[in-house]
Amino acid sequence: MIKTEHLQYTYRTDKTPIEFVLDDVNIEIKTGEFVAVLGHNGCGKSTLAKHFNGLLLPTGGNVYVSGMDTKDEELYWNVRRSVGMVFQNPDNQLVATVVEEDVAFAPENLGIPSEEIRERVDSALKAVGMYEYRKHAPHRLSGGQKQRIAIAGAIAMRPQCIVLDEPTAMLDPQGRKEVINTIKKLKDEGMTVVLITHYMEEATKADRVIVMDKGNVVLDDVPRNVFKEVKLLKKIGLDVPQVTELLYNLKKAGLPVNYDVLTVEECADELAKILL
Amino acid sequence: MLKDITLGQYFPIESPLHNMDPRTKILGLVFMLVAIFAANGVIGYLTVAAFTLLIVLLSKVPFKTYFKGLKPIWFIIIFTGVLNFFLTPGTKIYIGNFSTGATIEGVILAGKMALRLVLLIISSSALTYTTSPISLTDGIEKLLLPFSKMGLPAHELAMMMSIAIRFIPTLIEETEKISKAQQARGADFDSGNIIKRAKALVPMLVPLFISAFRRADELAVAMESRCYRGGNGRTRLNPIKFKKIDLTTAIIFTVFFAIVIALRFI
Ligand SMILES: Nc1ncnc2c1ncn2[C@@H]1O[C@H](COP(=O)(O)OP(=O)(O)OP(=O)(O)O)[C@@H](O)[C@H]1O
Ligand SMILES: [Mg+2]
């Protein structure tokens with residue numbers, strides 16, 4: 001679905017030596033996959049995300065979206081409409097004062113006939129569970145609801161893939177849950193999902209986790225294998241899920257436990273093993 | 001709260017007025033405003049008032065809402081009213097032998113002014129209550145379209161307007177937040193002379209502008225991500241259409257306008 005080959009990027013081409021924000025990133029995201037991207041502040045996650053729909057074009061290397069080179073000017077809009085984007089601050093990505101008009105923004109830009117826009121808007125709002133709010137004013141909604149409207153706005157474009165850049169960073173726990181459940185539902189319906197996040201618990205739900213540090217990919221594996229690397233993760237300034245952390249510390253203290261667990265249930269089982 | 005006074009004004013219900021083409025409503029309002037100021041004589045005023053009442057009824061927006069919309073202007077009405085009472089030359093009004101200083105002409109003039117102001121506010125509210133900002137700006141865009149051949153950027157103007165409307169509540173909320181944060185740090189916005197107060201606003205405006213620019217930047221990226229590329233080839237969820245109801249309304253408005261103008265000259 002999305003593939004980067006030796007992707008390099010710098011915001012400043014005038015400076016020498018060039019400081020690459022992304023340096024030789026090679027990843028491939030398969031259709032239908034749910035990939036989480038982790039990394040410390042400023043390691044280039046957002047920059048990477050903006051390459052996925054051609055908002056930024058590589059300084060070096062290539063990015064392919066469904067086989068289309070993002071550098072190809074003729075495919076520009078095809079790339080853009082294949083990948084929906086959701087950003088951190090819900091207030092800064094809503095353009096209209098009525099929910100359904102906001103969701104309609106992308107299909108309107110694509111020049112889709114009115115009847116089909118209606119259909120897309122309705123189905124996108126139903127997909128995120130906000131259909132009853134279609135006539136509401138977005139600024140009166142909660143953060144989680146606003147973010148679900150933003151997701152609806154992206155999927156109304158009917159993209160094959162949706163990229164979310166820290167969509168839960170500004171939300172309370174309730175809103176975070178709403179958004180994560182929406183994302184999981186989209187994934188189950190076959191959408192390719194890339195989720196950039198600071199919350200390890202969210203990343204454990206992904207099919208695959210990519211860990212970045214200083215513009216490089218340092219880990220790229222299933223969550224279980226990634227979170228086993230507690231030492232490496234801590235070194236680059238990341239946390240591990242609380243359950244992993246607990247068992248890791250017990251192991252360090254000399255207890256015979258495995259710390260490659262991701263859920264509370266697994267953790268309880270491990271603890272039961274040593275207690276019983 | 002401050003953010004409630006702003007353009008939460010659109011009243012999302014179904015009514016004949018909601019169904020109309022925004023262009024009809026905008027032009028209707030223009031006619032209405034001219035009529036309000038052209039009206040004279042008791043019959044003229046009654047006609048305009050009755051017509052306004054009809055519009056209010058057709059909008060199906062509760063009277064209460066319209067009254068709330070009038071709140072900010074009561075002060076102006078009373079203030080100008082009192083001035084008119086006493087400063088208009090004419091026959092003085094006596095209570096027994098005691099001169100009140102007010103004149104009959106003053107009272108009539110004050111009444112006229114108040115009525116005009118009230119009708120003005122009510123009829124413009126009828127437009128904003130029944131037209132969502134998007135269709136309002138759509139209507140303006142379409143009305144300006146003939147001028148775009150002369151280089152007027154109709155689509156861009158309309159887009160700017162609708163984004164401005166969208167961000168008013170957000171920025172008001174932000175202003176409140178910054179003001180509280182600065183007050184917590186000891187900023188004092190309400191004492192001292194004008195210059196001192198203006199200076200006190202600086203720590204308020206600087207963060208507000210910085211944040212507005214950041215928001216603008218993020219919004220531009222979000223709009224681009226959703227394939228925004230200007231007005232060309234753009235379609236609409238609710239395309240504005242000139243329907244039968246609009247034709248009927250246009251005819252009624254023309255007749256009404258003709259009557260008001262005619263009343264002025266007989
Ligand atoms: N528009 C820009 N111009 C110049 N430098 C930038 C720009 N945007 C980001 N950078 C720099 O690029 C680097 C990577 O930024 P990026 O926003 O991709 O990081 P991130 O991983 O998304 O961080 P965060 O977790 O804070 O969102 C940072 O050092 C940042 O200062
Ligand atoms: Mg970021």
# chains A, B, ... in the order shown; residues from 1 in each chain; ligands from 1
>>> closest_atom_pairs(of="chain A", to="chain B", cutoff="9 Å", atoms="only C-alpha atoms", output="Markdown table")
| residue | atom | partner | partner_atom | distance |
| --- | --- | --- | --- | --- |
| A:Asn53 | CA | B:Ser225 | CA | 7.4 |
| A:Gly54 | CA | B:Ser225 | CA | 8.8 |
| A:Leu55 | CA | B:Ser225 | CA | 7.2 |
| A:Trp77 | CA | B:Cys227 | CA | 7.1 |
| A:Arg80 | CA | B:Ser225 | CA | 6.5 |
| A:Arg81 | CA | B:Cys227 | CA | 6.8 |
| A:Val83 | CA | B:Ser225 | CA | 8.4 |
| A:Gly84 | CA | B:Ser225 | CA | 7.0 |
| A:Met85 | CA | B:Ser225 | CA | 6.3 |
| A:Val86 | CA | B:Ala222 | CA | 7.7 |
| A:Phe87 | CA | B:Ala222 | CA | 7.5 |
| A:Asn89 | CA | B:Glu218 | CA | 8.6 |
| A:Asp91 | CA | B:Thr170 | CA | 7.5 |
| A:Asn92 | CA | B:Leu219 | CA | 5.1 |
| A:Gln93 | CA | B:Leu219 | CA | 5.2 |
| A:Leu94 | CA | B:Leu219 | CA | 7.7 |
| A:Val95 | CA | B:Ile163 | CA | 6.3 |
| A:Ala96 | CA | B:Arg166 | CA | 6.0 |
| A:Thr97 | CA | B:Arg166 | CA | 5.4 |
| A:Val98 | CA | B:Ser132 | CA | 7.7 |
| A:Glu100 | CA | B:Leu237 | CA | 8.7 |
| A:Glu101 | CA | B:Leu237 | CA | 7.1 |
| A:Ala104 | CA | B:Leu237 | CA | 6.3 |
| A:Phe105 | CA | B:Arg226 | CA | 7.3 |
| A:Ala106 | CA | B:Arg226 | CA | 4.8 |
| A:Pro107 | CA | B:Thr235 | CA | 8.0 |
| A:Glu108 | CA | B:Thr235 | CA | 4.8 |
| A:Asn109 | CA | B:Arg234 | CA | 4.9 |
| A:Leu110 | CA | B:Arg234 | CA | 6.6 |
| A:Gly111 | CA | B:Arg234 | CA | 4.8 |
| A:Ile112 | CA | B:Thr235 | CA | 6.2 |
| A:Pro113 | CA | B:Thr235 | CA | 6.5 |
| A:Ser114 | CA | B:Leu237 | CA | 5.0 |
| A:Glu115 | CA | B:Leu237 | CA | 7.6 |
| A:Glu116 | CA | B:Leu237 | CA | 8.6 |
| A:Ile117 | CA | B:Leu237 | CA | 5.8 |
| A:Arg118 | CA | B:Leu237 | CA | 6.2 |
| A:Val121 | CA | B:Leu237 | CA | 8.8 |
| A:Lys135 | CA | B:Pro12 | CA | 6.7 |
| A:His136 | CA | B:Pro12 | CA | 7.9 |
| A:Ala137 | CA | B:Gly8 | CA | 7.3 |
| A:His139 | CA | B:Thr170 | CA | 7.2 |
| A:Arg140 | CA | B:Gly8 | CA | 8.9 |
| A:Gly153 | CA | B:Arg226 | CA | 8.0 |
| A:Ala154 | CA | B:Arg226 | CA | 6.9 |
| A:Met157 | CA | B:Arg226 | CA | 7.5 |
>>> select_by_dssp(residues="region 113-154 of chain B", states="alpha helix (DSSP H)", output="number ranges by chain")
B: 113-130, 133-148, 154
>>> write_last_selection(atoms="N, CA and C atoms", output="CSV table (one decimal), in the first residue's frame")
chain,number,residue,atom,x,y,z
B,113,MET,N,-37.6,55.6,15.6
B,113,MET,CA,-36.3,55.1,15.5
B,113,MET,C,-36.2,53.7,16.2
B,114,ALA,N,-36.9,53.5,17.3
B,114,ALA,CA,-36.8,52.3,18.0
B,114,ALA,C,-37.4,51.2,17.1
B,115,LEU,N,-38.5,51.5,16.5
B,115,LEU,CA,-39.2,50.5,15.7
B,115,LEU,C,-38.2,50.1,14.5
B,116,ARG,N,-37.6,51.1,13.9
B,116,ARG,CA,-36.7,50.8,12.8
B,116,ARG,C,-35.6,49.9,13.3
B,117,LEU,N,-35.0,50.3,14.4
B,117,LEU,CA,-33.8,49.5,14.9
B,117,LEU,C,-34.3,48.0,15.1
B,118,VAL,N,-35.4,47.9,15.8
B,118,VAL,CA,-35.9,46.6,16.2
B,118,VAL,C,-36.1,45.7,14.9
B,119,LEU,N,-36.8,46.3,14.0
B,119,LEU,CA,-37.1,45.6,12.7
B,119,LEU,C,-35.8,45.2,12.0
B,120,LEU,N,-34.9,46.2,12.0
B,120,LEU,CA,-33.6,45.9,11.3
B,120,LEU,C,-32.9,44.7,11.9
B,121,ILE,N,-32.9,44.7,13.2
B,121,ILE,CA,-32.2,43.5,13.9
B,121,ILE,C,-33.0,42.3,13.6
B,122,ILE,N,-34.3,42.3,13.8
B,122,ILE,CA,-35.1,41.1,13.6
B,122,ILE,C,-34.9,40.6,12.2
B,123,SER,N,-35.0,41.4,11.2
B,123,SER,CA,-35.0,40.9,9.8
B,123,SER,C,-33.6,40.4,9.5
B,124,SER,N,-32.5,41.0,10.0
B,124,SER,CA,-31.2,40.4,9.7
B,124,SER,C,-31.0,39.1,10.5
B,125,SER,N,-31.6,39.1,11.7
B,125,SER,CA,-31.5,37.8,12.5
B,125,SER,C,-32.2,36.7,11.7
B,126,ALA,N,-33.3,37.0,11.1
B,126,ALA,CA,-34.1,36.0,10.4
B,126,ALA,C,-33.2,35.4,9.3
B,127,LEU,N,-32.3,36.2,8.7
B,127,LEU,CA,-31.4,35.6,7.7
B,127,LEU,C,-30.4,34.7,8.4
B,128,THR,N,-29.7,35.2,9.5
B,128,THR,CA,-28.7,34.3,10.0
B,128,THR,C,-29.2,33.1,10.8
B,129,TYR,N,-30.4,33.2,11.4
B,129,TYR,CA,-31.0,32.1,12.0
B,129,TYR,C,-31.3,31.0,11.1
B,130,THR,N,-31.7,31.3,9.9
B,130,THR,CA,-32.3,30.3,8.9
B,130,THR,C,-31.3,29.9,7.9
B,133,PRO,N,-23.9,29.3,8.0
B,133,PRO,CA,-22.8,30.2,7.5
B,133,PRO,C,-22.3,29.7,6.1
B,134,ILE,N,-22.2,28.4,5.9
B,134,ILE,CA,-21.7,27.9,4.7
B,134,ILE,C,-22.7,28.3,3.5
B,135,SER,N,-24.0,28.1,3.7
B,135,SER,CA,-24.8,28.5,2.6
B,135,SER,C,-24.9,30.0,2.4
B,136,LEU,N,-24.7,30.7,3.5
B,136,LEU,CA,-24.7,32.1,3.4
B,136,LEU,C,-23.5,32.6,2.6
B,137,THR,N,-22.3,32.0,2.8
B,137,THR,CA,-21.2,32.4,2.0
B,137,THR,C,-21.3,31.8,0.6
B,138,ASP,N,-21.9,30.7,0.5
B,138,ASP,CA,-22.2,30.2,-0.9
B,138,ASP,C,-23.0,31.2,-1.6
B,139,GLY,N,-24.1,31.7,-1.0
B,139,GLY,CA,-25.0,32.6,-1.6
B,139,GLY,C,-24.2,33.9,-2.0
B,140,ILE,N,-23.3,34.4,-1.1
B,140,ILE,CA,-22.6,35.6,-1.4
B,140,ILE,C,-21.6,35.3,-2.6
B,141,GLU,N,-21.0,34.1,-2.6
B,141,GLU,CA,-20.1,33.7,-3.7
B,141,GLU,C,-20.8,33.8,-5.0
B,142,LYS,N,-22.0,33.1,-5.0
B,142,LYS,CA,-22.8,33.1,-6.3
B,142,LYS,C,-23.2,34.5,-6.7
B,143,LEU,N,-23.6,35.3,-5.7
B,143,LEU,CA,-24.0,36.7,-6.1
B,143,LEU,C,-22.9,37.5,-6.6
B,144,LEU,N,-21.7,37.2,-6.1
B,144,LEU,CA,-20.5,37.9,-6.6
B,144,LEU,C,-19.9,37.4,-7.9
B,145,LEU,N,-20.4,36.2,-8.3
B,145,LEU,CA,-19.8,35.5,-9.4
B,145,LEU,C,-19.7,36.4,-10.7
B,146,PRO,N,-20.7,37.2,-11.0
B,146,PRO,CA,-20.6,38.0,-12.2
B,146,PRO,C,-19.4,38.9,-12.1
B,147,PHE,N,-19.0,39.3,-10.9
B,147,PHE,CA,-17.9,40.3,-10.8
B,147,PHE,C,-16.6,39.6,-10.9
B,148,SER,N,-16.6,38.2,-10.8
B,148,SER,CA,-15.3,37.5,-10.8
B,148,SER,C,-14.6,37.6,-12.1
B,154,ALA,N,-14.2,35.8,-6.1
B,154,ALA,CA,-15.4,35.5,-5.3
B,154,ALA,C,-15.3,34.3,-4.5
>>> residues_near_ligand(ligand="ligand 2", cutoff="9 Å", atoms="only C-alpha atoms and all ligand atoms", output="JSON, numbers by chain")
{"A": [41, 42, 43, 44, 45, 46, 47, 49, 87, 88, 165, 166, 196, 197]}
>>> atom_distance(atom1="CA of Ala258 (chain B)", atom2="CA of Phe31 (chain B)")
10.3 Å
>>> atom_distance(atom1="CA of Arg148 (chain A)", atom2="CA of His51 (chain A)")
23.0 Å
>>> atom_distance(atom1="CA of Ala124 (chain A)", atom2="CA of Gly144 (chain A)")
15.9 Å
>>> closest_residue(among="A:Asp102, A:Glu74, A:Glu28, A:Asp213", to="ligand 1", atoms="only C-alpha atoms and all ligand atoms")
A:Asp213
>>> select_by_dssp(residues="region 49-180 of chain A", states="strand (DSSP E)", output="CSV table (one decimal) with N, CA and C atoms, in the first residue's frame")
chain,number,residue,atom,x,y,z
A,60,GLY,N,15.5,12.8,-0.9
A,60,GLY,CA,16.2,11.7,-1.5
A,60,GLY,C,15.3,10.5,-1.4
A,61,GLY,N,15.5,9.5,-2.3
A,61,GLY,CA,14.7,8.3,-2.3
A,61,GLY,C,13.3,8.5,-2.8
A,62,ASN,N,12.4,7.5,-2.6
A,62,ASN,CA,11.1,7.6,-3.1
A,62,ASN,C,10.0,7.1,-2.1
A,63,VAL,N,8.8,7.6,-2.3
A,63,VAL,CA,7.7,7.1,-1.6
A,63,VAL,C,6.7,6.6,-2.6
A,64,TYR,N,6.2,5.4,-2.5
A,64,TYR,CA,5.1,4.9,-3.4
A,64,TYR,C,3.8,4.6,-2.6
A,65,VAL,N,2.7,5.1,-3.2
A,65,VAL,CA,1.4,4.9,-2.6
A,65,VAL,C,0.6,4.1,-3.6
A,68,MET,N,2.1,4.3,-6.9
A,68,MET,CA,2.3,5.6,-7.5
A,68,MET,C,3.4,6.3,-6.8
A,69,ASP,N,4.3,6.8,-7.6
A,69,ASP,CA,5.4,7.6,-7.0
A,69,ASP,C,4.8,9.0,-6.6
A,83,VAL,N,-4.9,8.6,0.5
A,83,VAL,CA,-4.5,8.5,1.9
A,83,VAL,C,-5.2,9.6,2.7
A,84,GLY,N,-6.0,9.3,3.6
A,84,GLY,CA,-6.7,10.3,4.5
A,84,GLY,C,-5.8,10.6,5.6
A,85,MET,N,-5.8,11.9,6.1
A,85,MET,CA,-5.0,12.3,7.2
A,85,MET,C,-5.8,12.9,8.3
A,86,VAL,N,-5.5,12.5,9.5
A,86,VAL,CA,-6.1,13.1,10.7
A,86,VAL,C,-5.0,13.7,11.6
A,161,CYS,N,-6.3,4.1,2.7
A,161,CYS,CA,-5.5,4.2,3.9
A,161,CYS,C,-5.7,5.4,4.7
A,162,ILE,N,-5.7,5.3,6.0
A,162,ILE,CA,-5.8,6.5,6.8
A,162,ILE,C,-4.7,6.7,7.8
A,163,VAL,N,-4.1,7.9,7.8
A,163,VAL,CA,-2.9,8.1,8.6
A,163,VAL,C,-3.3,9.1,9.7
A,164,LEU,N,-3.1,8.7,11.0
A,164,LEU,CA,-3.5,9.5,12.1
A,164,LEU,C,-2.3,10.0,12.9
A,165,ASP,N,-2.0,11.3,13.0
A,165,ASP,CA,-0.9,11.8,13.6
A,165,ASP,C,-1.2,12.2,15.1
>>> closest_residue(among="A:Val264, A:Val99, A:Leu38, A:Ile29", to="ligand 1", atoms="only C-alpha atoms and all ligand atoms")
A:Leu38
>>> decode(residues="region 38-70 of chain B", atoms="N, CA and C atoms", output="compact mmCIF listing (two decimals), in the first residue's frame")
# COMPACT_ATOMS: atom_id res chain seq x y z
N ALA B 38 -37.34 53.42 4.17
CA ALA B 38 -38.17 54.21 3.26
C ALA B 38 -39.57 54.41 3.84
N ALA B 39 -39.98 53.51 4.73
CA ALA B 39 -41.35 53.54 5.23
C ALA B 39 -41.64 54.86 5.93
N ASN B 40 -42.84 55.40 5.70
CA ASN B 40 -43.28 56.48 6.58
C ASN B 40 -44.80 56.48 6.68
N GLY B 41 -45.29 57.17 7.65
CA GLY B 41 -46.73 57.13 7.91
C GLY B 41 -47.08 55.86 8.66
N VAL B 42 -48.20 55.94 9.38
CA VAL B 42 -48.59 54.81 10.22
C VAL B 42 -48.77 53.54 9.38
N ILE B 43 -49.44 53.69 8.22
CA ILE B 43 -49.70 52.51 7.40
C ILE B 43 -48.40 51.90 6.89
N GLY B 44 -47.48 52.77 6.49
CA GLY B 44 -46.19 52.30 6.01
C GLY B 44 -45.48 51.47 7.08
N TYR B 45 -45.45 52.01 8.30
CA TYR B 45 -44.78 51.29 9.38
C TYR B 45 -45.48 49.99 9.69
N LEU B 46 -46.81 50.05 9.70
CA LEU B 46 -47.57 48.84 10.00
C LEU B 46 -47.28 47.75 8.95
N THR B 47 -47.23 48.17 7.68
CA THR B 47 -46.96 47.20 6.62
C THR B 47 -45.62 46.51 6.85
N VAL B 48 -44.58 47.34 7.10
CA VAL B 48 -43.25 46.77 7.30
C VAL B 48 -43.23 45.85 8.52
N ALA B 49 -43.87 46.31 9.60
CA ALA B 49 -43.87 45.51 10.82
C ALA B 49 -44.60 44.19 10.60
N ALA B 50 -45.75 44.27 9.91
CA ALA B 50 -46.52 43.05 9.66
C ALA B 50 -45.70 42.08 8.81
N PHE B 51 -45.01 42.63 7.82
CA PHE B 51 -44.21 41.78 6.95
C PHE B 51 -43.08 41.11 7.73
N THR B 52 -42.46 41.88 8.63
CA THR B 52 -41.40 41.30 9.46
C THR B 52 -41.96 40.17 10.31
N LEU B 53 -43.15 40.40 10.87
CA LEU B 53 -43.78 39.37 11.70
C LEU B 53 -44.01 38.10 10.87
N LEU B 54 -44.46 38.30 9.63
CA LEU B 54 -44.68 37.16 8.74
C LEU B 54 -43.39 36.36 8.55
N ILE B 55 -42.29 37.11 8.34
CA ILE B 55 -40.99 36.44 8.14
C ILE B 55 -40.61 35.65 9.38
N VAL B 56 -40.81 36.28 10.54
CA VAL B 56 -40.48 35.61 11.80
C VAL B 56 -41.28 34.31 11.93
N LEU B 57 -42.57 34.39 11.63
CA LEU B 57 -43.42 33.20 11.73
C LEU B 57 -42.95 32.12 10.77
N LEU B 58 -42.61 32.52 9.55
CA LEU B 58 -42.18 31.54 8.55
C LEU B 58 -40.85 30.89 8.92
N SER B 59 -40.05 31.58 9.72
CA SER B 59 -38.74 31.03 10.06
C SER B 59 -38.86 29.92 11.11
N LYS B 60 -40.00 29.87 11.80
CA LYS B 60 -40.26 28.87 12.84
C LYS B 60 -39.25 28.91 13.99
N VAL B 61 -38.45 29.99 14.02
CA VAL B 61 -37.52 30.17 15.15
C VAL B 61 -38.33 30.83 16.26
N PRO B 62 -38.21 30.35 17.51
CA PRO B 62 -39.04 30.90 18.58
C PRO B 62 -38.83 32.40 18.79
N PHE B 63 -39.92 33.09 19.16
CA PHE B 63 -39.84 34.54 19.42
C PHE B 63 -38.75 34.86 20.43
N LYS B 64 -38.66 33.97 21.43
CA LYS B 64 -37.70 34.18 22.51
C LYS B 64 -36.30 34.42 21.96
N THR B 65 -35.95 33.63 20.95
CA THR B 65 -34.61 33.75 20.37
C THR B 65 -34.41 35.13 19.77
N TYR B 66 -35.46 35.61 19.07
CA TYR B 66 -35.35 36.94 18.47
C TYR B 66 -35.19 38.00 19.56
N PHE B 67 -35.93 37.84 20.66
CA PHE B 67 -35.82 38.82 21.75
C PHE B 67 -34.42 38.83 22.32
N LYS B 68 -33.85 37.63 22.47
CA LYS B 68 -32.49 37.56 22.98
C LYS B 68 -31.54 38.30 22.06
N GLY B 69 -31.77 38.17 20.77
CA GLY B 69 -30.91 38.85 19.79
C GLY B 69 -31.00 40.37 19.93
N LEU B 70 -32.13 40.85 20.50
CA LEU B 70 -32.31 42.30 20.63
C LEU B 70 -31.60 42.87 21.85
